[in-house]
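Peer 1: Provided herewith is a single structure, encoded as structure tokens, for subsequent inquiry.
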Amino acid sequence: AVDYLLKPIRSERLEKTLGKLRDRLQASAMSTPPSQAAMEEASALSRAAAAQVTIKARGKTKFIAIDDIIRVSFEEGFSYLHTAKEKLVSDHYLSYYEEKLIPHGFFRTSRTAIINLDQIAVIHKCASGLHTIELKGGTKIALTRRKAQQLKKIIDF
């Protein structure tokens with residue numbers, strides 16, 4: 001309780017009470033900074049959330065560690081996450097995964113694929129400046145001319 005108001009309430013008395021309340025709220029906000037432990041816990045939680053992506057299917061949300069993702073593809077109107085164990089259909093567009101994965105060592109090779117750069121085994125040069133990326137599992141991914149120029153800035157090939 002900050003103050004005690006009696007009916008009928010006079011406007012100047014209400015203003016005085018609201019002033020007291022504002023002063024207490026400001027003092028409380030300035031005197032209780034978050035503890036170091038609370039800040040570290042929040043930081044750890046945000047790092048954990050950033051190291052995974054989610055897929056929602058049939059009323060469930062599945063968490064996939066970013067390190068487990070080999071590639072993301074867009075096929076027949078759906079996005080798919082490919083891991084070593086499974087191919088998961090996703091409810092997100094490729095642009096969602098591009099935003100989430102690019103800072104973690106992924107690269108968008110075309111309008112239909114994002115790959116984990118650690119999974120590249122061979123880059124084949126094809127006719128007229130096109131390339132094909134062969135991943136460690138044997139999957140081949142097309143690399144457009146424009147994207148090849150961008151990738152050359154990241155890795156030397």
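So you can find residues: chains in the structure tokens are A, B, ... in the order shown, residues in each start at 1, and ligands are numbered from 1 in order.
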Could you give me the residues within range 77-113 of chain A that DSSP places in strand (DSSP E), as number ranges by chain?
Peer 2: A: 78-83, 87-90, 106-110, 113
Peer 1: Keeping only N, CA, C and O atoms, write those residues as a CSV table (one decimal), in the first residue's frame.
Peer 2:
chain,number,residue,atom,x,y,z
A,78,PHE,N,7.7,-27.7,-49.8
A,78,PHE,CA,8.0,-27.9,-48.4
A,78,PHE,C,9.5,-27.7,-48.1
A,78,PHE,O,10.4,-28.1,-49.0
A,79,SER,N,9.8,-27.3,-46.9
A,79,SER,CA,11.2,-27.2,-46.5
A,79,SER,C,11.5,-28.5,-45.7
A,79,SER,O,10.7,-29.0,-45.0
A,80,TYR,N,12.7,-29.0,-45.9
A,80,TYR,CA,13.2,-30.3,-45.2
A,80,TYR,C,14.5,-30.0,-44.5
A,80,TYR,O,15.4,-29.4,-45.1
A,81,LEU,N,14.6,-30.5,-43.2
A,81,LEU,CA,15.9,-30.5,-42.5
A,81,LEU,C,16.5,-31.8,-42.7
A,81,LEU,O,15.8,-32.8,-42.4
A,82,HIS,N,17.7,-31.9,-43.1
A,82,HIS,CA,18.4,-33.2,-43.3
A,82,HIS,C,19.5,-33.3,-42.2
A,82,HIS,O,20.3,-32.4,-42.1
A,83,THR,N,19.4,-34.4,-41.4
A,83,THR,CA,20.4,-34.7,-40.4
A,83,THR,C,21.0,-36.0,-40.8
A,83,THR,O,20.5,-36.6,-41.8
A,87,LYS,N,15.3,-37.1,-42.3
A,87,LYS,CA,14.8,-36.0,-43.1
A,87,LYS,C,13.5,-35.6,-42.5
A,87,LYS,O,12.5,-36.3,-42.5
A,88,LEU,N,13.5,-34.3,-42.0
A,88,LEU,CA,12.3,-33.8,-41.3
A,88,LEU,C,11.6,-32.7,-42.1
A,88,LEU,O,12.2,-31.8,-42.6
A,89,VAL,N,10.3,-32.9,-42.3
A,89,VAL,CA,9.5,-31.9,-43.0
A,89,VAL,C,9.3,-30.7,-42.0
A,89,VAL,O,9.1,-30.9,-40.8
A,90,SER,N,9.4,-29.5,-42.5
A,90,SER,CA,9.4,-28.3,-41.7
A,90,SER,C,8.2,-27.4,-42.0
A,90,SER,O,7.7,-27.4,-43.1
A,106,PHE,N,26.6,-21.9,-42.0
A,106,PHE,CA,25.8,-22.4,-43.1
A,106,PHE,C,25.9,-21.4,-44.3
A,106,PHE,O,26.2,-20.3,-44.1
A,107,PHE,N,25.5,-21.9,-45.5
A,107,PHE,CA,25.6,-21.1,-46.7
A,107,PHE,C,24.4,-21.4,-47.6
A,107,PHE,O,24.1,-22.6,-47.8
A,108,ARG,N,23.7,-20.4,-48.1
A,108,ARG,CA,22.6,-20.7,-49.0
A,108,ARG,C,23.2,-20.8,-50.4
A,108,ARG,O,23.7,-19.8,-51.0
A,109,THR,N,23.1,-21.9,-51.1
A,109,THR,CA,23.7,-22.2,-52.4
A,109,THR,C,22.8,-21.8,-53.5
A,109,THR,O,23.3,-21.6,-54.6
A,110,SER,N,21.5,-21.7,-53.3
A,110,SER,CA,20.5,-21.4,-54.3
A,110,SER,C,19.2,-21.1,-53.7
A,110,SER,O,19.1,-21.0,-52.4
A,113,ALA,N,18.3,-24.4,-51.4
A,113,ALA,CA,19.2,-25.2,-50.6
A,113,ALA,C,20.1,-24.3,-49.7
A,113,ALA,O,20.6,-23.3,-50.1
Peer 1: Using DSSP on the backbone, list every residue of range 33-139 of chain A that comes out as alpha helix (DSSP H), and give them as number ranges by chain.
Peer 2: A: 36-50, 94-101
Peer 1: Take the residues that were just selected and, keeping C-alpha atoms, output them as a PDB file, in the first residue's frame.
Peer 2:
ATOM      1  CA  GLN A  36      25.015 -11.518 -11.860  1.00  0.00           C
ATOM      2  CA  ALA A  37      23.631 -15.053 -11.543  1.00  0.00           C
ATOM      3  CA  ALA A  38      20.331 -14.033 -13.149  1.00  0.00           C
ATOM      4  CA  MET A  39      22.166 -12.329 -16.010  1.00  0.00           C
ATOM      5  CA  GLU A  40      24.403 -15.380 -16.563  1.00  0.00           C
ATOM      6  CA  GLU A  41      21.374 -17.698 -16.538  1.00  0.00           C
ATOM      7  CA  ALA A  42      19.549 -15.534 -19.080  1.00  0.00           C
ATOM      8  CA  SER A  43      22.670 -15.451 -21.258  1.00  0.00           C
ATOM      9  CA  ALA A  44      23.060 -19.248 -21.090  1.00  0.00           C
ATOM     10  CA  LEU A  45      19.394 -19.731 -22.000  1.00  0.00           C
ATOM     11  CA  SER A  46      19.669 -17.424 -24.998  1.00  0.00           C
ATOM     12  CA  ARG A  47      22.833 -19.236 -26.202  1.00  0.00           C
ATOM     13  CA  ALA A  48      21.057 -22.603 -25.866  1.00  0.00           C
ATOM     14  CA  ALA A  49      18.036 -21.310 -27.778  1.00  0.00           C
ATOM     15  CA  ALA A  50      20.291 -19.893 -30.487  1.00  0.00           C
ATOM     16  CA  LEU A  94      13.960 -21.434 -46.196  1.00  0.00           C
ATOM     17  CA  SER A  95      14.331 -17.746 -45.263  1.00  0.00           C
ATOM     18  CA  TYR A  96      13.665 -18.670 -41.593  1.00  0.00           C
ATOM     19  CA  TYR A  97      16.500 -21.204 -41.666  1.00  0.00           C
ATOM     20  CA  GLU A  98      18.751 -18.840 -43.560  1.00  0.00           C
ATOM     21  CA  GLU A  99      18.375 -16.253 -40.790  1.00  0.00           C
ATOM     22  CA  LYS A 100      18.958 -18.840 -38.055  1.00  0.00           C
ATOM     23  CA  LEU A 101      21.749 -20.884 -39.658  1.00  0.00           C
TER      24      LEU A 101
END
Peer 1: Report, in Å to a single decimal, how far apart CA of Leu130 in chain A and CA of Arg145 in chain A are.
Peer 2: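 CA of Arg145 in chain A sits 5.3 Å away from CA of Leu130 in chain A.
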Peer 1: So, counting only C-alpha atoms, which residue among A:Ile55, A:Ile66, A:Ala1, A:Ile9 is closest to Arg24 in chain A?
Peer 2: A:Ala1
Peer 1: At a cut-off of 12 Å, using only C-alpha atoms, what residues contact Ser128 in chain A? Leave out same-chain residues fewer than 3 positions from it and give the result as a PyMOL selection string.
Peer 2: chain A and resi 125+131+144-145
Peer 1: Take the residues just selected and output them with all heavy atoms as a PDB file, in the first residue's frame.
Peer 2:
ATOM      1  N   LYS A 125      33.636 -28.063 -60.574  1.00  0.00           N
ATOM      2  CA  LYS A 125      33.358 -26.977 -61.512  1.00  0.00           C
ATOM      3  C   LYS A 125      32.720 -27.588 -62.749  1.00  0.00           C
ATOM      4  O   LYS A 125      33.220 -28.538 -63.318  1.00  0.00           O
ATOM      5  CB  LYS A 125      34.627 -26.233 -61.882  1.00  0.00           C
ATOM      6  CG  LYS A 125      34.345 -25.029 -62.741  1.00  0.00           C
ATOM      7  CD  LYS A 125      35.556 -24.158 -62.919  1.00  0.00           C
ATOM      8  CE  LYS A 125      35.123 -22.930 -63.732  1.00  0.00           C
ATOM      9  NZ  LYS A 125      36.158 -21.955 -63.828  1.00  0.00           N
ATOM     10  N   HIS A 131      28.700 -24.670 -60.567  1.00  0.00           N
ATOM     11  CA  HIS A 131      29.418 -25.603 -59.719  1.00  0.00           C
ATOM     12  C   HIS A 131      28.429 -26.571 -59.089  1.00  0.00           C
ATOM     13  O   HIS A 131      27.238 -26.269 -58.968  1.00  0.00           O
ATOM     14  CB  HIS A 131      30.160 -24.868 -58.601  1.00  0.00           C
ATOM     15  CG  HIS A 131      31.284 -24.020 -59.074  1.00  0.00           C
ATOM     16  ND1 HIS A 131      31.097 -22.776 -59.618  1.00  0.00           N
ATOM     17  CD2 HIS A 131      32.619 -24.241 -59.097  1.00  0.00           C
ATOM     18  CE1 HIS A 131      32.274 -22.258 -59.941  1.00  0.00           C
ATOM     19  NE2 HIS A 131      33.213 -23.134 -59.641  1.00  0.00           N
ATOM     20  N   THR A 144      24.826 -21.871 -57.758  1.00  0.00           N
ATOM     21  CA  THR A 144      24.661 -20.917 -58.856  1.00  0.00           C
ATOM     22  C   THR A 144      25.927 -20.082 -59.025  1.00  0.00           C
ATOM     23  O   THR A 144      26.761 -20.011 -58.122  1.00  0.00           O
ATOM     24  CB  THR A 144      23.462 -19.979 -58.594  1.00  0.00           C
ATOM     25  OG1 THR A 144      23.743 -19.172 -57.438  1.00  0.00           O
ATOM     26  CG2 THR A 144      22.175 -20.755 -58.383  1.00  0.00           C
ATOM     27  N   ARG A 145      26.067 -19.436 -60.168  1.00  0.00           N
ATOM     28  CA  ARG A 145      27.251 -18.597 -60.446  1.00  0.00           C
ATOM     29  C   ARG A 145      27.399 -17.494 -59.405  1.00  0.00           C
ATOM     30  O   ARG A 145      28.476 -17.266 -58.872  1.00  0.00           O
ATOM     31  CB  ARG A 145      27.141 -17.968 -61.835  1.00  0.00           C
ATOM     32  CG  ARG A 145      27.554 -18.877 -62.938  1.00  0.00           C
ATOM     33  CD  ARG A 145      27.514 -18.118 -64.286  1.00  0.00           C
ATOM     34  NE  ARG A 145      26.941 -19.020 -65.271  1.00  0.00           N
ATOM     35  CZ  ARG A 145      25.718 -18.959 -65.742  1.00  0.00           C
ATOM     36  NH1 ARG A 145      24.916 -18.005 -65.376  1.00  0.00           N
ATOM     37  NH2 ARG A 145      25.288 -19.842 -66.601  1.00  0.00           N
TER      38      ARG A 145
END
Peer 1: Within 12 Å of Thr139 in chain A, counting only C-alpha atoms, which residues qualify if same-chain residues fewer than 4 places away don't, as a PyMOL selection string?
Peer 2: chain A and resi 70-71+73+82+84+113+115+119-123+132-135
Peer 1: For the residues in that selection, give me N, CA, C and O atoms as a PDB file, in the first residue's frame.
Peer 2:
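The result, stored in part25.pdb:
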ATOM      1  N   ILE A  70      22.735 -31.110 -41.555  1.00  0.00           N
ATOM      2  CA  ILE A  70      23.647 -31.214 -42.691  1.00  0.00           C
ATOM      3  C   ILE A  70      23.254 -30.205 -43.761  1.00  0.00           C
ATOM      4  O   ILE A  70      24.093 -29.502 -44.301  1.00  0.00           O
ATOM      5  N   ARG A  71      21.961 -30.151 -44.048  1.00  0.00           N
ATOM      6  CA  ARG A  71      21.470 -29.207 -45.041  1.00  0.00           C
ATOM      7  C   ARG A  71      19.985 -28.988 -44.843  1.00  0.00           C
ATOM      8  O   ARG A  71      19.312 -29.756 -44.150  1.00  0.00           O
ATOM      9  N   SER A  73      16.625 -28.171 -47.416  1.00  0.00           N
ATOM     10  CA  SER A  73      16.228 -28.109 -48.820  1.00  0.00           C
ATOM     11  C   SER A  73      14.770 -27.683 -48.940  1.00  0.00           C
ATOM     12  O   SER A  73      13.990 -27.829 -47.999  1.00  0.00           O
ATOM     13  N   HIS A  82      17.726 -31.912 -43.099  1.00  0.00           N
ATOM     14  CA  HIS A  82      18.411 -33.188 -43.260  1.00  0.00           C
ATOM     15  C   HIS A  82      19.469 -33.306 -42.173  1.00  0.00           C
ATOM     16  O   HIS A  82      20.338 -32.441 -42.051  1.00  0.00           O
ATOM     17  N   ALA A  84      21.974 -36.487 -40.066  1.00  0.00           N
ATOM     18  CA  ALA A  84      22.573 -37.785 -40.382  1.00  0.00           C
ATOM     19  C   ALA A  84      21.556 -38.909 -40.197  1.00  0.00           C
ATOM     20  O   ALA A  84      21.631 -39.940 -40.861  1.00  0.00           O
ATOM     21  N   ALA A 113      18.339 -24.440 -51.440  1.00  0.00           N
ATOM     22  CA  ALA A 113      19.216 -25.208 -50.551  1.00  0.00           C
ATOM     23  C   ALA A 113      20.087 -24.316 -49.671  1.00  0.00           C
ATOM     24  O   ALA A 113      20.584 -23.283 -50.096  1.00  0.00           O
ATOM     25  N   ILE A 115      23.377 -25.204 -46.963  1.00  0.00           N
ATOM     26  CA  ILE A 115      24.237 -26.310 -46.546  1.00  0.00           C
ATOM     27  C   ILE A 115      25.103 -25.903 -45.357  1.00  0.00           C
ATOM     28  O   ILE A 115      25.408 -24.735 -45.156  1.00  0.00           O
ATOM     29  N   GLN A 119      30.206 -29.693 -43.961  1.00  0.00           N
ATOM     30  CA  GLN A 119      29.839 -30.943 -44.620  1.00  0.00           C
ATOM     31  C   GLN A 119      30.325 -31.022 -46.066  1.00  0.00           C
ATOM     32  O   GLN A 119      30.118 -32.031 -46.731  1.00  0.00           O
ATOM     33  N   ILE A 120      30.993 -29.983 -46.569  1.00  0.00           N
ATOM     34  CA  ILE A 120      31.469 -30.000 -47.955  1.00  0.00           C
ATOM     35  C   ILE A 120      32.634 -30.975 -48.088  1.00  0.00           C
ATOM     36  O   ILE A 120      33.611 -30.899 -47.342  1.00  0.00           O
ATOM     37  N   ALA A 121      32.520 -31.884 -49.058  1.00  0.00           N
ATOM     38  CA  ALA A 121      33.604 -32.814 -49.361  1.00  0.00           C
ATOM     39  C   ALA A 121      34.364 -32.355 -50.604  1.00  0.00           C
ATOM     40  O   ALA A 121      35.593 -32.314 -50.605  1.00  0.00           O
ATOM     41  N   VAL A 122      33.629 -32.031 -51.680  1.00  0.00           N
ATOM     42  CA  VAL A 122      34.231 -31.652 -52.959  1.00  0.00           C
ATOM     43  C   VAL A 122      33.366 -30.583 -53.623  1.00  0.00           C
ATOM     44  O   VAL A 122      32.141 -30.644 -53.528  1.00  0.00           O
ATOM     45  N   ILE A 123      34.029 -29.646 -54.312  1.00  0.00           N
ATOM     46  CA  ILE A 123      33.309 -28.691 -55.149  1.00  0.00           C
ATOM     47  C   ILE A 123      33.736 -28.957 -56.586  1.00  0.00           C
ATOM     48  O   ILE A 123      34.915 -28.853 -56.927  1.00  0.00           O
ATOM     49  N   THR A 132      28.953 -27.695 -58.638  1.00  0.00           N
ATOM     50  CA  THR A 132      28.172 -28.648 -57.856  1.00  0.00           C
ATOM     51  C   THR A 132      28.957 -28.930 -56.586  1.00  0.00           C
ATOM     52  O   THR A 132      30.164 -29.188 -56.640  1.00  0.00           O
ATOM     53  N   ILE A 133      28.266 -28.863 -55.463  1.00  0.00           N
ATOM     54  CA  ILE A 133      28.892 -29.170 -54.183  1.00  0.00           C
ATOM     55  C   ILE A 133      28.508 -30.588 -53.805  1.00  0.00           C
ATOM     56  O   ILE A 133      27.326 -30.936 -53.786  1.00  0.00           O
ATOM     57  N   GLU A 134      29.518 -31.389 -53.501  1.00  0.00           N
ATOM     58  CA  GLU A 134      29.263 -32.749 -53.024  1.00  0.00           C
ATOM     59  C   GLU A 134      29.517 -32.754 -51.526  1.00  0.00           C
ATOM     60  O   GLU A 134      30.594 -32.395 -51.060  1.00  0.00           O
ATOM     61  N   LEU A 135      28.495 -33.151 -50.789  1.00  0.00           N
ATOM     62  CA  LEU A 135      28.610 -33.203 -49.335  1.00  0.00           C
ATOM     63  C   LEU A 135      29.247 -34.521 -48.905  1.00  0.00           C
ATOM     64  O   LEU A 135      29.324 -35.474 -49.689  1.00  0.00           O
TER      65      LEU A 135
END
Peer 1: Pick out the closest residue to His92 in chain A from this set: A:Ile114, A:His104, A:Lys56, A:Ile64. Count only C-alpha atoms.
Peer 2: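 Of A:Ile114, A:His104, A:Lys56, A:Ile64, the one nearest His92 in chain A, counting only C-alpha atoms, is A:Lys56.
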Peer 1: Report, in Å with one decimal, the straight-line distance from CA of Ile155 in chain A to CA of Ala51 in chain A.
Peer 2: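 CA of Ala51 in chain A lies at a distance of 22.8 Å from CA of Ile155 in chain A.
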Peer 1: Report, in Å with one decimal, the straight-line distance from CA of Asn116 in chain A to CA of Ile141 in chain A.
Peer 2: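 Between these atoms lies a distance of 11.6 Å.
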